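Here the structure comes first, spelled out in structure tokens, and everything after it is commentary.
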Number of protein chains: 2
Amino acid sequence: MIYFDHAATTPVKQEVKKAMDPYFSDKWGNPSSIYGLGREAREAMCEARQTIMGILGAERPSEIIFTSGATESNNLALKGVAEAAAFEIGGPPHIIVSAIEHHCVLDTAKHLESSFGAEVTYLSVNEEGLVNPLDVEKAIKDNTVLVSVMLGNNEMGAIEPVKEISGVIKGEREKREKKGDKTPLYFHTDAVQAFAFMPVKVDELGVDMLSLTAHKFYGPKGVGLLYVRTGTKFAPQQKGGAQEKGRRAGTENVPYIVGMAKAMEMAEKNREAYSKKVGELTDYLVKRVKEIPKIELIGPKNKEKRLPHIANFLFKGVEGESILINLDMLGFAASSGSACTSGSLEPSHVTKAMGYSDLEAHGTVRFSLGELNKRSDIDELMKHLPGIIEKLRAMSPIKE
Amino acid sequence: MIYFDHAATTPVKQEVKKAMDPYFSDKWGNPSSIYGLGREAREAMCEARQTIMGILGAERPSEIIFTSGATESNNLALKGVAEAAAFEIGGPPHIIVSAIEHHCVLDTAKHLESSFGAEVTYLSVNEEGLVNPLDVEKAIKDNTVLVSVMLGNNEMGAIEPVKEISGVIKGEREKREKKGDKTPLYFHTDAVQAFAFMPVKVDELGVDMLSLTAHKFYGPKGVGLLYVRTGTKFAPQQKGGAQEKGRRAGTENVPYIVGMAKAMEMAEKNREAYSKKVGELTDYLVKRVKEIPKIELIGPKNKEKRLPHIANFLFKGVEGESILINLDMLGFAASSGSACTSGSLEPSHVTKAMGYSDLEAHGTVRFSLGELNKRSDIDELMKHLPGIIEKLRAMSPIKE
């Protein structure tokens, strides 16, 4: 098999597996227990948290909340802030999200809108999938309490102007301060896809909350984190225990927490070389796939504005799903967008937000590269892909 | 170390570890992906689900929702039903929980009360920690949509009359049906502590929802499930993906799901022998600890009404925490109640609900036995425990 779907998930690295291993059947205590075995587990978690703090540039251990993954982190960020703010401002809070966020942000925003009375602005993006910071500025209202814009998009790789948006938010906070208005305004970013490829320091980015999940960078599936800056007013969602300082109850998944820290440490250390290697492979992929007629690389044209591992192509007049099935039969793994929406017949909301039609949005295939790839994989792909596209176009009822 | 805290957590069995192992770095696909590697992971999950369905007597695969553990499952059960019901009945729903539920049920109930407008009845228990099914009957109101009573208590082991409560609920449902009243009424049980020791079949118990977590029966920490009977109206909480038929979004933790199924299979197979062995050890522990003056075994007197692995003693005139610290220094692991509340200085809500004073509630120590114990562990404990109690009583300012 040749795997072009690193944005969906990655295998657990041997070093990560080895780091987790002792915490299953050897140092298996409940970290909340006071005796030696519990302390051992607690210390492992504490060490993992210190490692992660260092990598993200967090100031306090309590700023890192371990979760079951990015979906929980993103749900928690939005619900946590909206709930605390509603209580504080005594009226419906307003939140701003970009239209190209992952469904776990968008669906939570919709839920807050429909069941919680929150107001939500869905920020549009340009045809390259980029948010305009000025649009954020225009969208901010008196009751805006949260802006959530992802760092790097999972479907077409756009790197969003998070630092610039953070500047806008700082400006608005200063205005509120001058007016004596105590309505909080926080900035959350989903850094899930970006982390392996660009430095993710919370102060440099200027964010108050940040979500990560381990399985996108060679850690296990089922563990993630939410960074929450000290002072952020935030209502916990999963209740019933003193874990994570009461902000995320439930017995901690010690092996995976240790594994995530190890995976982050390795990603941090290898980031530059990894980004360069993967970026070059992606460049080569783009160059080769462009040999096929009537295709378009969607997302930012300037590759500096795109995560180096993602290339999403629009194959005109063909269904993405049909391409994927044909590729799968030949042993190539790619996807038509987020794995989380597989099985859904809806066209990608990301592609549509960039201005493509439903028909066009159905014709996209995302290739996402990583450790498992080499240049010859792309040559191998190109032995088959042009033929598949030609065949499917010949069969297709859609003619231009 | 001698471990008497199996109710807090258990080590991962080698067979479970072996079952999980291939899903980290070998069969590591995202189960939502359509290609071969994804299918492989999906099939492993599907097989795990089938195994679990068989064990619980569930009828459909969609009735098993995988979660990150019991805390999530219990939060989900209460919030899920309350939210869906509020929408359906168009007014505040009423829920009934027992006063001795785990904090993850009680804190969720309190949240629904304070932030969601739900009405909650906290059912009292008798001095043995048992709920009276007649009290459930009396507590049911026209807007009652959920009753949540645990199968076996985690602190003192009381086996609650779940089948009888289920009978009460069936009766109320029939009444509503006759009146043409469509207000739903569901029954949830937290079977976390009971599963390893008594048959847990959803139809025999007569429950609509049931929570489990793997780490209480030699599976990993960080995975659990919520059984939800087909037809139960239920609002998902973690949003943003098609996983678990849209009822729990997020990339699935395939290794742990496979591990949980294996741990359940083993627990099911060994249940009778394990319960007998652990029950005999607990009997011996109780007999020996009773050699110490002024102690009381709390919970049901009739051992048929107590989970076989739990013995919670009230040591009069001593602080439980001091006993634990002394035991820890000698290499014995026990606890003062739920591990989830460690660090809290509050006396146990369970002990208090049984009518004990704050002072008495502070004097309890829970021993919970399991695979790691043998008879000689208890003899070893009894070489030290009487002396510890005597010393602490001599030092204590609390005199009777």
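Note on naming: chains are A, B, ... as they come in the structure tokens, residues start from 1 per chain, ligands start from 1 in the order shown.
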
Contact table chain A vs chain B, cut-off 6 Å, shortest pair per residue, only C-alpha atoms, as CSV:
residue,atom,partner,partner_atom,distance
A:Thr9,CA,B:Asn30,CA,5.9
A:Pro11,CA,B:Ser25,CA,5.0
A:Val12,CA,B:Ser25,CA,5.0
A:Phe24,CA,B:Val12,CA,5.4
A:Ser25,CA,B:Pro11,CA,5.0
A:Trp28,CA,B:Pro11,CA,5.4
A:Asn30,CA,B:Thr9,CA,5.9
A:Ser32,CA,B:Ala339,CA,5.5
A:Ser33,CA,B:Ala339,CA,5.7
A:Tyr35,CA,B:Asp328,CA,5.4
A:Thr71,CA,B:Gly250,CA,5.2
A:His103,CA,B:Gly240,CA,4.4
A:Cys104,CA,B:Gly240,CA,3.4
A:Asp107,CA,B:Gly240,CA,5.3
A:Lys221,CA,B:Asn253,CA,5.1
A:Gly222,CA,B:Asn253,CA,4.8
A:Lys239,CA,B:Cys104,CA,5.5
A:Gly240,CA,B:Cys104,CA,3.4
A:Gly241,CA,B:Cys340,CA,4.7
A:Ala242,CA,B:Thr341,CA,5.6
A:Gly250,CA,B:Thr71,CA,5.2
A:Asn253,CA,B:Gly222,CA,4.8
A:Asp328,CA,B:Tyr35,CA,5.3
A:Ala333,CA,B:Tyr35,CA,5.9
A:Ala339,CA,B:Ser32,CA,5.4
A:Cys340,CA,B:Gly241,CA,4.7
A:Thr341,CA,B:Ala242,CA,5.5
A:Ser342,CA,B:Ser32,CA,5.9

Could those selected residues go to a file with N, CA and C atoms, as a PDB file, in the first residue's frame?
ATOM      1  N   THR A   9      -4.732  10.254   9.525  1.00  0.00           N
ATOM      2  CA  THR A   9      -4.094   9.689  10.703  1.00  0.00           C
ATOM      3  C   THR A   9      -2.705   9.191  10.327  1.00  0.00           C
ATOM      4  N   PRO A  11       0.601   6.354  11.710  1.00  0.00           N
ATOM      5  CA  PRO A  11       0.890   5.225  12.608  1.00  0.00           C
ATOM      6  C   PRO A  11       1.635   5.702  13.855  1.00  0.00           C
ATOM      7  N   VAL A  12       1.511   4.949  14.933  1.00  0.00           N
ATOM      8  CA  VAL A  12       2.258   5.273  16.154  1.00  0.00           C
ATOM      9  C   VAL A  12       3.721   4.876  15.927  1.00  0.00           C
ATOM     10  N   PHE A  24       0.963   0.444  30.792  1.00  0.00           N
ATOM     11  CA  PHE A  24      -0.199  -0.447  30.677  1.00  0.00           C
ATOM     12  C   PHE A  24      -0.241  -1.475  31.812  1.00  0.00           C
ATOM     13  N   SER A  25       0.851  -2.188  31.985  1.00  0.00           N
ATOM     14  CA  SER A  25       0.798  -3.336  32.889  1.00  0.00           C
ATOM     15  C   SER A  25       1.892  -3.308  33.938  1.00  0.00           C
ATOM     16  N   TRP A  28       0.918   1.025  36.289  1.00  0.00           N
ATOM     17  CA  TRP A  28      -0.468   1.139  35.855  1.00  0.00           C
ATOM     18  C   TRP A  28      -1.370   1.819  36.876  1.00  0.00           C
ATOM     19  N   ASN A  30      -3.601   4.370  39.283  1.00  0.00           N
ATOM     20  CA  ASN A  30      -4.511   5.475  39.015  1.00  0.00           C
ATOM     21  C   ASN A  30      -3.832   6.753  39.510  1.00  0.00           C
ATOM     22  N   SER A  32      -4.739   9.444  40.423  1.00  0.00           N
ATOM     23  CA  SER A  32      -5.395  10.149  41.524  1.00  0.00           C
ATOM     24  C   SER A  32      -5.161   9.474  42.870  1.00  0.00           C
ATOM     25  N   SER A  33      -4.555   8.289  42.862  1.00  0.00           N
ATOM     26  CA  SER A  33      -4.360   7.567  44.120  1.00  0.00           C
ATOM     27  C   SER A  33      -3.155   8.108  44.871  1.00  0.00           C
ATOM     28  N   TYR A  35      -1.080   6.528  47.013  1.00  0.00           N
ATOM     29  CA  TYR A  35       0.043   5.618  47.301  1.00  0.00           C
ATOM     30  C   TYR A  35       1.047   5.576  46.145  1.00  0.00           C
ATOM     31  N   THR A  71     -11.508  16.510  18.732  1.00  0.00           N
ATOM     32  CA  THR A  71     -12.949  16.749  18.707  1.00  0.00           C
ATOM     33  C   THR A  71     -13.406  17.200  20.086  1.00  0.00           C
ATOM     34  N   HIS A 103     -15.511  20.208  11.137  1.00  0.00           N
ATOM     35  CA  HIS A 103     -16.901  20.038  11.581  1.00  0.00           C
ATOM     36  C   HIS A 103     -17.055  20.067  13.090  1.00  0.00           C
ATOM     37  N   CYS A 104     -16.018  19.666  13.819  1.00  0.00           N
ATOM     38  CA  CYS A 104     -16.192  19.636  15.282  1.00  0.00           C
ATOM     39  C   CYS A 104     -16.247  21.038  15.860  1.00  0.00           C
ATOM     40  N   ASP A 107     -19.993  22.274  14.020  1.00  0.00           N
ATOM     41  CA  ASP A 107     -21.184  21.636  14.591  1.00  0.00           C
ATOM     42  C   ASP A 107     -21.418  22.092  16.034  1.00  0.00           C
ATOM     43  N   LYS A 221      -4.274   7.443  18.650  1.00  0.00           N
ATOM     44  CA  LYS A 221      -5.618   8.003  18.460  1.00  0.00           C
ATOM     45  C   LYS A 221      -6.374   7.901  19.784  1.00  0.00           C
ATOM     46  N   GLY A 222      -6.977   8.990  20.216  1.00  0.00           N
ATOM     47  CA  GLY A 222      -7.764   8.926  21.449  1.00  0.00           C
ATOM     48  C   GLY A 222      -7.172   9.775  22.562  1.00  0.00           C
ATOM     49  N   LYS A 239     -17.812  16.392  33.760  1.00  0.00           N
ATOM     50  CA  LYS A 239     -17.822  16.657  35.203  1.00  0.00           C
ATOM     51  C   LYS A 239     -17.773  15.392  36.044  1.00  0.00           C
ATOM     52  N   GLY A 240     -17.290  15.558  37.275  1.00  0.00           N
ATOM     53  CA  GLY A 240     -17.417  14.462  38.228  1.00  0.00           C
ATOM     54  C   GLY A 240     -16.135  13.933  38.800  1.00  0.00           C
ATOM     55  N   GLY A 241     -15.090  14.711  38.796  1.00  0.00           N
ATOM     56  CA  GLY A 241     -13.851  14.254  39.414  1.00  0.00           C
ATOM     57  C   GLY A 241     -12.883  15.406  39.459  1.00  0.00           C
ATOM     58  N   ALA A 242     -11.841  15.248  40.277  1.00  0.00           N
ATOM     59  CA  ALA A 242     -10.906  16.345  40.508  1.00  0.00           C
ATOM     60  C   ALA A 242      -9.771  16.374  39.476  1.00  0.00           C
ATOM     61  N   GLY A 250     -12.455  12.432  34.928  1.00  0.00           N
ATOM     62  CA  GLY A 250     -12.286  11.108  34.325  1.00  0.00           C
ATOM     63  C   GLY A 250     -10.873  10.604  34.542  1.00  0.00           C
ATOM     64  N   ASN A 253      -5.784   8.854  30.894  1.00  0.00           N
ATOM     65  CA  ASN A 253      -5.214   7.848  30.007  1.00  0.00           C
ATOM     66  C   ASN A 253      -3.688   8.022  30.032  1.00  0.00           C
ATOM     67  N   ASP A 328      -7.815   2.943  -4.433  1.00  0.00           N
ATOM     68  CA  ASP A 328      -7.799   1.915  -3.378  1.00  0.00           C
ATOM     69  C   ASP A 328      -7.576   0.529  -3.988  1.00  0.00           C
ATOM     70  N   ALA A 333      -3.845   4.950  -0.884  1.00  0.00           N
ATOM     71  CA  ALA A 333      -4.781   5.523   0.079  1.00  0.00           C
ATOM     72  C   ALA A 333      -4.754   7.043  -0.002  1.00  0.00           C
ATOM     73  N   ALA A 339     -11.661  12.729   7.099  1.00  0.00           N
ATOM     74  CA  ALA A 339     -12.085  11.345   7.322  1.00  0.00           C
ATOM     75  C   ALA A 339     -13.343  11.298   8.166  1.00  0.00           C
ATOM     76  N   CYS A 340     -13.515  12.326   8.999  1.00  0.00           N
ATOM     77  CA  CYS A 340     -14.656  12.355   9.911  1.00  0.00           C
ATOM     78  C   CYS A 340     -15.991  12.429   9.182  1.00  0.00           C
ATOM     79  N   THR A 341     -15.984  12.851   7.941  1.00  0.00           N
ATOM     80  CA  THR A 341     -17.256  12.977   7.236  1.00  0.00           C
ATOM     81  C   THR A 341     -17.442  11.886   6.195  1.00  0.00           C
ATOM     82  N   SER A 342     -16.544  10.903   6.201  1.00  0.00           N
ATOM     83  CA  SER A 342     -16.676   9.817   5.236  1.00  0.00           C
ATOM     84  C   SER A 342     -18.063   9.207   5.350  1.00  0.00           C
TER      85      SER A 342
END

Tell me which protein, DNA and RNA residues are within 12 Å of segment 180-183 of chain A, counting only C-alpha atoms, leaving out same-chain ones fewer than 4 positions away, and put them as a VMD selection string. chain A and resid 81 to 82 84 to 94 141 to 146 172 to 176 232 to 233

Segment 290-295 of chain B environment, 8 Å, only C-alpha atoms, sequence neighbours closer than 2 positions dropped, as number ranges by chain: B: 286-288, 297, 313-316, 386

Would you pick out the contacts of segment 201-211 of chain A at 6 Å or less, using only C-alpha atoms, so that residues sharing its chain but fewer than 6 positions from it are not included, and give the list as an MDAnalysis selection string? chainID A and resid 56:57 70 73 163 166 186:191 225:229

Could you write out that same residue set with C-alpha atoms as an mmCIF file, in the first residue's frame?
data_model
loop_
_atom_site.group_PDB
_atom_site.id
_atom_site.type_symbol
_atom_site.label_atom_id
_atom_site.label_comp_id
_atom_site.auth_asym_id
_atom_site.auth_seq_id
_atom_site.Cartn_x
_atom_site.Cartn_y
_atom_site.Cartn_z
ATOM 1 C CA LEU A 56 3.909 25.163 23.417
ATOM 2 C CA GLY A 57 5.483 27.866 25.573
ATOM 3 C CA ALA A 70 -9.216 17.227 19.002
ATOM 4 C CA SER A 73 -10.817 19.805 22.677
ATOM 5 C CA LYS A 163 -1.025 36.193 14.316
ATOM 6 C CA SER A 166 -4.591 37.894 17.295
ATOM 7 C CA TYR A 186 -10.746 35.006 23.655
ATOM 8 C CA PHE A 187 -9.001 33.548 20.639
ATOM 9 C CA HIS A 188 -8.944 29.808 19.992
ATOM 10 C CA THR A 189 -7.057 28.008 17.261
ATOM 11 C CA ASP A 190 -7.267 24.413 16.093
ATOM 12 C CA ALA A 191 -3.585 23.603 15.453
ATOM 13 C CA LEU A 225 -5.143 18.477 24.608
ATOM 14 C CA LEU A 226 -6.634 21.879 24.986
ATOM 15 C CA TYR A 227 -4.294 24.687 25.972
ATOM 16 C CA VAL A 228 -6.183 27.252 28.056
ATOM 17 C CA ARG A 229 -4.326 30.417 29.018
#

Contact residues around Glu128 of chain B with only C-alpha atoms at 10 Å, ignoring same-chain residues under 3 positions, as number ranges by chain: B: 125, 131, 156, 158, 297-302, 305-306, 351, 353-355

Based on the selection just made, write C-alpha atoms of those residues as a short mmCIF file (atom, residue, chain, number, x, y, z; two decimals), in the first residue's frame.
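Contents of part-v8.cif, as written:
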data_model
loop_
_atom_site.label_atom_id
_atom_site.label_comp_id
_atom_site.auth_asym_id
_atom_site.auth_seq_id
_atom_site.Cartn_x
_atom_site.Cartn_y
_atom_site.Cartn_z
CA VAL B 125 -30.61 5.45 50.71
CA VAL B 131 -32.14 2.55 47.40
CA MET B 156 -19.07 0.31 49.87
CA ALA B 158 -24.01 -2.10 47.73
CA LEU B 297 -18.06 -2.68 57.99
CA ILE B 298 -20.25 -0.17 56.22
CA GLY B 299 -22.76 -1.02 53.49
CA PRO B 300 -25.16 -3.97 53.29
CA LYS B 301 -24.86 -6.46 56.15
CA ASN B 302 -26.01 -9.32 53.93
CA LYS B 305 -26.17 -7.54 48.58
CA ARG B 306 -22.55 -6.44 48.33
CA THR B 351 -20.96 7.51 53.69
CA ALA B 353 -25.90 9.57 52.59
CA MET B 354 -25.96 6.40 54.73
CA GLY B 355 -26.42 8.56 57.80
#

Can you work out which one of B:Lys277, B:Glu101, B:Asp379, B:Tyr122 has the shortest atom-to-atom distance to Val192 of chain B, counting only C-alpha atoms? B:Glu101

Write out as a PyMOL selection string all residues of segment 81-166 of chain B that backbone DSSP assigns to helix (DSSP H, G or I). chain B and resi 81-89+103-116+133-139+162-166

Who sits within 8 Å of Glu268 of chain B, only C-alpha atoms, same chain under 4 positions skipped, as a PyMOL selection string: chain B and resi 55+196+199+264

Residues of the last selection are to be written out with N, CA and C atoms, as an mmCIF file, in the first residue's frame.
data_model
loop_
_atom_site.group_PDB
_atom_site.id
_atom_site.type_symbol
_atom_site.label_atom_id
_atom_site.label_comp_id
_atom_site.auth_asym_id
_atom_site.auth_seq_id
_atom_site.Cartn_x
_atom_site.Cartn_y
_atom_site.Cartn_z
ATOM 1 N N ILE B 55 -22.127 -9.895 24.848
ATOM 2 C CA ILE B 55 -21.937 -9.937 26.307
ATOM 3 C C ILE B 55 -23.056 -9.188 27.024
ATOM 4 N N ALA B 196 -17.480 -6.878 36.445
ATOM 5 C CA ALA B 196 -16.575 -8.028 36.578
ATOM 6 C C ALA B 196 -17.149 -9.098 37.500
ATOM 7 N N PRO B 199 -23.534 -10.886 36.235
ATOM 8 C CA PRO B 199 -23.965 -10.832 34.834
ATOM 9 C C PRO B 199 -24.614 -9.485 34.553
ATOM 10 N N MET B 264 -13.550 -7.517 28.316
ATOM 11 C CA MET B 264 -14.923 -7.902 28.660
ATOM 12 C C MET B 264 -15.136 -9.388 28.433
#

Nearby residues (only C-alpha atoms) at most 10 Å from Glu319 of chain B, same-chain spacing under 6 positions excluded, as number ranges by chain: B: 336, 359-365, 389, 392-393, 396, 398

Restricting the calculation to only C-alpha atoms: of B:Leu78, B:Val97, B:Ile64, B:Leu112, which residue gets closest to Ala235 of chain B? B:Leu78
